[in-house]
$ cat structure.cif   # mmCIF, C-alpha atoms and all ligand atoms
data_model
loop_
_atom_site.label_atom_id
_atom_site.label_comp_id
_atom_site.auth_asym_id
_atom_site.auth_seq_id
_atom_site.Cartn_x
_atom_site.Cartn_y
_atom_site.Cartn_z
CA MET Q 653 8.37 -12.55 -18.07
CA THR Q 654 7.53 -13.35 -14.47
CA GLN Q 655 3.88 -13.43 -13.54
CA ARG Q 656 3.24 -11.01 -10.72
CA LYS Q 657 0.26 -12.00 -8.60
CA GLN Q 658 -1.86 -8.91 -8.04
CA ILE Q 659 -2.44 -7.64 -4.51
CA ILE Q 660 -5.42 -5.58 -3.40
CA ALA Q 661 -5.04 -3.78 -0.08
CA GLY Q 662 -7.78 -1.97 1.81
CA ASN Q 663 -6.59 1.07 3.75
CA TRP Q 664 -9.42 1.77 6.18
CA LYS Q 665 -7.70 4.93 7.46
CA MET Q 666 -9.30 6.22 10.71
CA ASN Q 667 -12.48 4.21 10.20
CA GLY Q 668 -13.65 1.04 11.88
CA THR Q 669 -14.99 0.69 15.41
CA LEU Q 670 -15.00 -2.90 16.64
CA SER Q 671 -18.57 -3.50 15.51
CA GLU Q 672 -17.87 -1.96 12.10
CA THR Q 673 -14.77 -4.12 11.80
CA ALA Q 674 -16.76 -7.26 12.53
CA ASN Q 675 -19.51 -6.33 10.06
CA LEU Q 676 -17.08 -5.52 7.30
CA ILE Q 677 -14.91 -8.61 7.68
CA ASN Q 678 -17.91 -10.91 7.99
CA GLY Q 679 -19.36 -9.35 4.85
CA LEU Q 680 -16.08 -9.84 2.97
CA LYS Q 681 -15.89 -13.47 4.05
CA GLN Q 682 -19.25 -14.11 2.43
CA LYS Q 683 -18.38 -12.40 -0.81
CA ILE Q 684 -14.76 -13.42 -1.32
CA LYS Q 685 -14.06 -17.15 -1.32
CA SER Q 686 -10.50 -18.40 -1.27
CA ASP Q 687 -10.95 -21.17 -3.85
CA THR Q 688 -11.78 -18.74 -6.65
CA LEU Q 689 -9.46 -15.94 -5.63
CA ARG Q 690 -6.95 -14.82 -8.27
CA ARG Q 691 -5.53 -11.94 -6.25
CA ASN Q 692 -4.04 -11.56 -2.78
CA VAL Q 693 -5.97 -9.44 -0.32
CA ILE Q 694 -4.65 -7.35 2.59
CA LEU Q 695 -6.85 -5.55 5.11
CA CYS Q 696 -5.39 -2.56 6.97
CA PRO Q 697 -7.75 -1.58 9.78
CA PRO Q 698 -6.82 0.88 12.53
CA PHE Q 699 -4.53 -0.42 15.32
CA THR Q 700 -7.43 -0.87 17.72
CA SER Q 701 -9.16 -3.34 15.39
CA LEU Q 702 -6.15 -5.49 14.57
CA ILE Q 703 -6.61 -8.17 17.21
CA LEU Q 704 -10.27 -8.58 16.41
CA ALA Q 705 -9.43 -8.64 12.71
CA ARG Q 706 -6.84 -11.37 13.35
CA GLU Q 707 -9.50 -13.53 15.01
CA LEU Q 708 -12.06 -12.90 12.28
CA THR Q 709 -9.68 -13.55 9.39
CA LYS Q 710 -8.38 -16.90 10.69
CA GLY Q 711 -8.84 -19.50 7.98
CA THR Q 712 -9.52 -16.86 5.32
CA PRO Q 713 -7.23 -15.69 2.52
CA PHE Q 714 -7.09 -12.19 4.03
CA LYS Q 715 -3.76 -10.93 5.35
CA LEU Q 716 -3.45 -8.07 7.82
CA GLY Q 717 -1.56 -4.83 7.61
CA ALA Q 718 -1.19 -1.71 9.76
CA GLN Q 719 -1.26 1.87 8.55
CA ASN Q 720 1.82 3.22 10.31
CA VAL Q 721 4.73 2.19 12.52
CA HIS Q 722 7.44 3.90 14.56
CA PHE Q 723 11.09 3.57 13.60
CA GLU Q 724 12.35 2.74 17.09
CA GLY Q 725 11.86 -0.58 18.82
CA LYS Q 726 10.48 0.81 22.07
CA GLY Q 727 10.76 3.65 24.51
CA ALA Q 728 9.47 7.10 25.33
CA PHE Q 729 7.48 7.84 22.19
CA THR Q 730 4.04 8.65 23.52
CA GLY Q 731 1.27 7.58 21.19
CA GLU Q 732 3.44 5.47 18.89
CA VAL Q 733 3.33 1.76 18.04
CA SER Q 734 6.35 -0.44 17.29
CA ALA Q 735 6.91 -2.98 14.53
CA GLU Q 736 7.24 -5.73 17.13
CA MET Q 737 3.81 -4.84 18.54
CA LEU Q 738 2.31 -5.00 15.06
CA LYS Q 739 3.81 -8.43 14.46
CA GLU Q 740 2.23 -9.60 17.68
CA THR Q 741 -1.22 -8.53 16.54
CA GLY Q 742 -0.93 -10.63 13.43
CA CYS Q 743 0.20 -8.00 10.94
CA GLU Q 744 2.32 -9.14 8.03
CA TYR Q 745 2.32 -5.77 6.28
CA VAL Q 746 2.52 -2.09 7.11
CA ILE Q 747 1.71 0.95 4.99
CA ILE Q 748 4.51 3.52 5.19
CA GLY Q 749 4.71 7.01 3.72
CA HIS Q 750 1.06 7.47 2.84
CA SER Q 751 0.48 10.98 1.47
CA GLU Q 752 -1.78 11.79 4.42
CA ARG Q 753 1.12 11.02 6.77
CA ARG Q 754 3.47 13.04 4.59
CA ALA Q 755 1.07 16.02 4.50
CA TYR Q 756 -0.55 16.08 7.96
CA PHE Q 757 2.25 14.60 10.04
CA HIS Q 758 5.17 16.06 8.11
CA GLU Q 759 6.79 12.72 7.32
CA ASP Q 760 9.67 13.17 4.90
CA ASP Q 761 11.64 10.62 2.91
CA ALA Q 762 14.36 10.32 5.56
CA LEU Q 763 11.83 9.47 8.26
CA ILE Q 764 9.97 7.13 5.93
CA ASN Q 765 13.26 5.39 5.17
CA LYS Q 766 13.88 4.80 8.89
CA LYS Q 767 10.42 3.27 9.24
CA VAL Q 768 10.95 1.09 6.17
CA LYS Q 769 14.25 -0.21 7.56
CA LYS Q 770 12.69 -0.91 10.96
CA ALA Q 771 9.72 -2.74 9.44
CA LEU Q 772 11.98 -4.87 7.23
CA GLY Q 773 14.24 -5.65 10.19
CA THR Q 774 11.16 -6.90 12.06
CA GLU Q 775 10.05 -9.02 9.12
CA LEU Q 776 7.07 -6.93 8.22
CA GLN Q 777 6.43 -6.40 4.54
CA VAL Q 778 6.01 -2.81 3.48
CA ILE Q 779 3.54 -1.00 1.27
CA MET Q 780 5.52 2.15 0.54
CA CYS Q 781 3.56 5.05 -0.96
CA VAL Q 782 4.75 7.66 -3.42
CA GLY Q 783 2.88 10.18 -5.54
CA GLU Q 784 2.72 13.76 -6.75
CA THR Q 785 0.33 16.59 -5.92
CA LEU Q 786 -1.83 18.26 -8.55
CA GLU Q 787 0.49 21.26 -8.58
CA GLN Q 788 3.50 19.03 -9.20
CA ARG Q 789 1.71 17.19 -12.00
CA GLU Q 790 0.73 20.46 -13.64
CA LYS Q 791 4.33 21.67 -13.43
CA GLY Q 792 5.39 18.51 -15.26
CA ILE Q 793 7.58 17.23 -12.42
CA THR Q 794 5.70 14.01 -11.60
CA ASN Q 795 8.64 11.77 -12.46
CA ASP Q 796 11.10 13.91 -10.48
CA VAL Q 797 8.89 13.79 -7.41
CA VAL Q 798 8.35 10.06 -7.66
CA ARG Q 799 12.07 9.47 -8.20
CA THR Q 800 13.07 11.55 -5.18
CA GLN Q 801 10.51 9.81 -2.97
CA THR Q 802 11.45 6.34 -4.19
CA ASP Q 803 15.21 6.87 -3.87
CA GLY Q 804 14.92 8.56 -0.47
CA SER Q 805 12.54 6.02 1.01
CA LEU Q 806 14.58 3.05 -0.24
CA HIS Q 807 17.98 4.39 0.87
CA ASN Q 808 20.18 1.47 1.97
CA VAL Q 809 17.48 -1.10 1.21
CA SER Q 810 19.14 -4.16 -0.31
CA GLU Q 811 17.87 -6.07 -3.33
CA LYS Q 812 16.97 -8.96 -1.03
CA GLU Q 813 14.99 -6.61 1.23
CA LEU Q 814 13.28 -5.08 -1.78
CA GLU Q 815 11.46 -8.38 -2.28
CA LYS Q 816 9.47 -7.48 0.85
CA ILE Q 817 8.39 -4.12 -0.51
CA ILE Q 818 5.34 -3.17 -2.52
CA ILE Q 819 5.35 0.31 -3.97
CA ALA Q 820 1.99 2.06 -4.11
CA TYR Q 821 1.74 4.86 -6.63
CA GLU Q 822 -0.90 7.20 -5.33
CA PRO Q 823 -1.24 10.56 -7.05
CA VAL Q 824 -2.34 12.87 -4.24
CA TRP Q 825 -4.90 14.59 -6.48
CA ALA Q 826 -6.70 11.27 -6.97
CA ILE Q 827 -6.99 10.27 -3.30
CA GLY Q 828 -10.49 10.56 -1.94
CA THR Q 829 -11.43 13.01 -4.70
CA GLY Q 830 -13.27 10.72 -7.09
CA LYS Q 831 -10.70 11.73 -9.76
CA THR Q 832 -8.90 8.57 -10.82
CA ALA Q 833 -5.76 8.68 -12.90
CA THR Q 834 -6.58 7.20 -16.30
CA PRO Q 835 -5.22 3.69 -16.78
CA ASP Q 836 -2.64 5.12 -19.21
CA GLN Q 837 -1.58 7.91 -16.84
CA ALA Q 838 -1.11 5.44 -14.00
CA ASN Q 839 0.60 2.82 -16.12
CA GLU Q 840 3.08 5.40 -17.41
CA VAL Q 841 4.22 6.30 -13.89
CA HIS Q 842 4.31 2.63 -12.87
CA GLU Q 843 6.54 1.88 -15.83
CA TYR Q 844 8.78 4.76 -14.82
CA ILE Q 845 9.02 3.45 -11.23
CA ARG Q 846 9.92 0.02 -12.59
CA SER Q 847 12.68 1.58 -14.68
CA LEU Q 848 14.06 3.35 -11.60
CA ILE Q 849 14.22 0.02 -9.76
CA SER Q 850 15.81 -1.61 -12.76
CA ASP Q 851 18.53 1.06 -12.79
CA SER Q 852 19.20 1.14 -9.06
CA TYR Q 853 18.82 -2.63 -8.43
CA SER Q 854 18.46 -4.93 -11.41
CA PRO Q 855 16.04 -5.77 -14.23
CA ALA Q 856 15.06 -8.92 -12.30
CA ALA Q 857 14.23 -6.91 -9.17
CA ALA Q 858 12.15 -4.53 -11.27
CA GLU Q 859 10.33 -7.40 -12.92
CA ARG Q 860 9.41 -8.88 -9.52
CA LEU Q 861 8.30 -5.61 -7.92
CA ILE Q 862 4.59 -5.27 -7.17
CA ILE Q 863 3.40 -1.74 -7.93
CA GLN Q 864 -0.09 -0.91 -6.73
CA TYR Q 865 -2.16 2.01 -7.92
CA GLY Q 866 -4.17 4.02 -5.39
CA GLY Q 867 -6.55 6.94 -5.73
CA SER Q 868 -10.33 6.61 -6.08
CA VAL Q 869 -10.21 2.98 -7.16
CA LYS Q 870 -13.76 1.63 -7.34
CA ALA Q 871 -15.42 -1.56 -8.51
CA ASP Q 872 -16.31 0.06 -11.83
CA ASN Q 873 -12.82 1.34 -12.71
CA ALA Q 874 -10.73 -1.42 -11.12
CA GLY Q 875 -10.97 -3.85 -14.03
CA GLU Q 876 -9.50 -1.43 -16.50
CA LEU Q 877 -6.73 -0.23 -14.18
CA LEU Q 878 -5.78 -3.78 -13.19
CA SER Q 879 -5.55 -4.86 -16.82
CA MET Q 880 -2.60 -2.53 -17.44
CA SER Q 881 0.78 -4.19 -17.85
CA HIS Q 882 2.55 -2.38 -14.99
CA ILE Q 883 -0.35 -2.18 -12.51
CA ASP Q 884 -0.07 -5.08 -10.10
CA GLY Q 885 -2.82 -4.28 -7.67
CA ALA Q 886 -4.57 -1.49 -5.85
CA LEU Q 887 -4.41 0.36 -2.55
CA VAL Q 888 -8.01 1.22 -1.84
CA GLY Q 889 -9.28 3.79 0.66
CA GLY Q 890 -12.95 4.78 0.57
CA SER Q 891 -14.11 1.75 -1.38
CA SER Q 892 -12.51 -0.63 1.11
CA LEU Q 893 -15.07 0.30 3.75
CA LYS Q 894 -18.05 -1.46 2.21
CA ALA Q 895 -17.96 -5.20 1.64
CA ASP Q 896 -19.79 -4.95 -1.70
CA ASP Q 897 -17.48 -2.26 -3.04
CA PHE Q 898 -14.26 -3.90 -1.90
CA ALA Q 899 -15.29 -7.36 -3.07
CA GLY Q 900 -16.18 -5.78 -6.41
CA ILE Q 901 -12.59 -4.56 -6.75
CA VAL Q 902 -10.98 -7.78 -5.54
CA LEU Q 903 -13.07 -9.81 -7.99
CA ALA Q 904 -12.97 -7.28 -10.87
P1 LIG W 1 -9.14 6.46 -1.91
O1 LIG W 1 -7.82 6.40 -1.01
O2 LIG W 1 -9.34 5.10 -2.50
O3 LIG W 1 -10.24 6.84 -0.95
O4 LIG W 1 -8.92 7.51 -2.94
C1 LIG W 1 -6.70 5.67 -1.42
C2 LIG W 1 -5.62 5.77 -0.37
O5 LIG W 1 -5.49 6.82 0.27
O6 LIG W 1 -4.86 4.81 -0.14
#

$ encode --input "structure.cif" --output "structure tokens"
Amino acid sequence: MTQRKQIIAGNWKMNGTLSETANLINGLKQKIKSDTLRRNVILCPPFTSLILARELTKGTPFKLGAQNVHFEGKGAFTGEVSAEMLKETGCEYVIIGHSERRAYFHEDDALINKKVKKALGTELQVIMCVGETLEQREKGITNDVVRTQTDGSLHNVSEKELEKIIIAYEPVWAIGTGKTATPDQANEVHEYIRSLISDSYSPAAAERLIIQYGGSVKADNAGELLSMSHIDGALVGGSSLKADDFAGIVLA
């Protein structure tokens, strides 16, 4: 069995002025030291903080990610940011298909797939999010929803390209609500996602795939979630905004 190194990513969402960015990153640098670190860490501040974050994270183990990207290279797309621009600011990762983008900005699997392809073509690694709503869970269609999202978002993604993709399972009902999926509930869906990848790619690809859990991950529940066999990290929202809380998860 391959050993997957766990990855913890902080999704700051629309939080982080420049002074807040500096405070947070400086706090994290004090609490998280590279020599003892067992997990990889990615910080995803808003676009406007990326350049500052790049300066502040030099010489640290922290990698940078963005929270969104456009699927075209350039042009008349007012308000959008390209993959090339993100690369230039020091990003190695980009979050695509977050449930907030799906819900508030009407992003569907076809659009998400175009963004995934663009990001991969620009050598950005992707954190691709999937997850069901409470209504879908209660109807018993969690696996169907996750399968449709995974298949649609990964359309025409090769097995080689898949190595640059992390899948984040984020049940929508657990995001920002304080309701975490139980470790067993999360692990079950992660195992299902791995089986989908095994079927559509190969058992080796499935074995390599990093699957993060997201949804109200906190320092006091992270240890248990991260001890599950199919949970390879976390995508953290609210608790990524305080150095103590985020360090508690990274070091859990
Ligand atoms: P949360 O958000 O940790 O605040 O629930 C997770 C996410 O949206 O990625």

$ residues_near_ligand --input "structure.cif" --ligand "ligand LIG 1 (chain W)" --cutoff "10 Å" --atoms "all atoms listed in the file" --output "PyMOL selection string"
chain Q and resi 661-665+719+747+750-752+781+820-832+864-870+886-893

$ atom_distance --input "structure.cif" --atom1 "atom CA of Q:Glu707" --atom2 "atom CA of Q:Val778"
22.1 Å

$ axis_aligned_box --input "structure.cif" --around "stretch 763-775 of chain Q" --padding-each-side "5 Å" --output "JSON"
{"center_x": 12.0, "center_y": 0.2, "center_z": 8.6, "size_x": 14.5, "size_y": 28.5, "size_z": 16.9}

$ atom_distance --input "structure.cif" --atom1 "atom CA of Q:Lys681" --atom2 "atom CA of Q:Gln777"
23.4 Å

$ residues_around --input "structure.cif" --residues "Q:Ala705" --least-positions-apart "6" --cutoff "8 Å" --atoms "all atoms listed in the file" --output "PyMOL selection string"
chain Q and resi 673-674+677+697+716

$ residues_near_point --input "structure.cif" --point "(4.8, -0.1, 12.0)" --cutoff "12 Å" --atoms "all atoms listed in the file" --output "MDAnalysis selection string"
chainID Q and resid 696 698:699 717:726 732:741 743:749 764 766:780

$ atom_distance --input "structure.cif" --atom1 "atom CA of Q:Leu861" --atom2 "atom CA of Q:Gln801"
16.3 Å
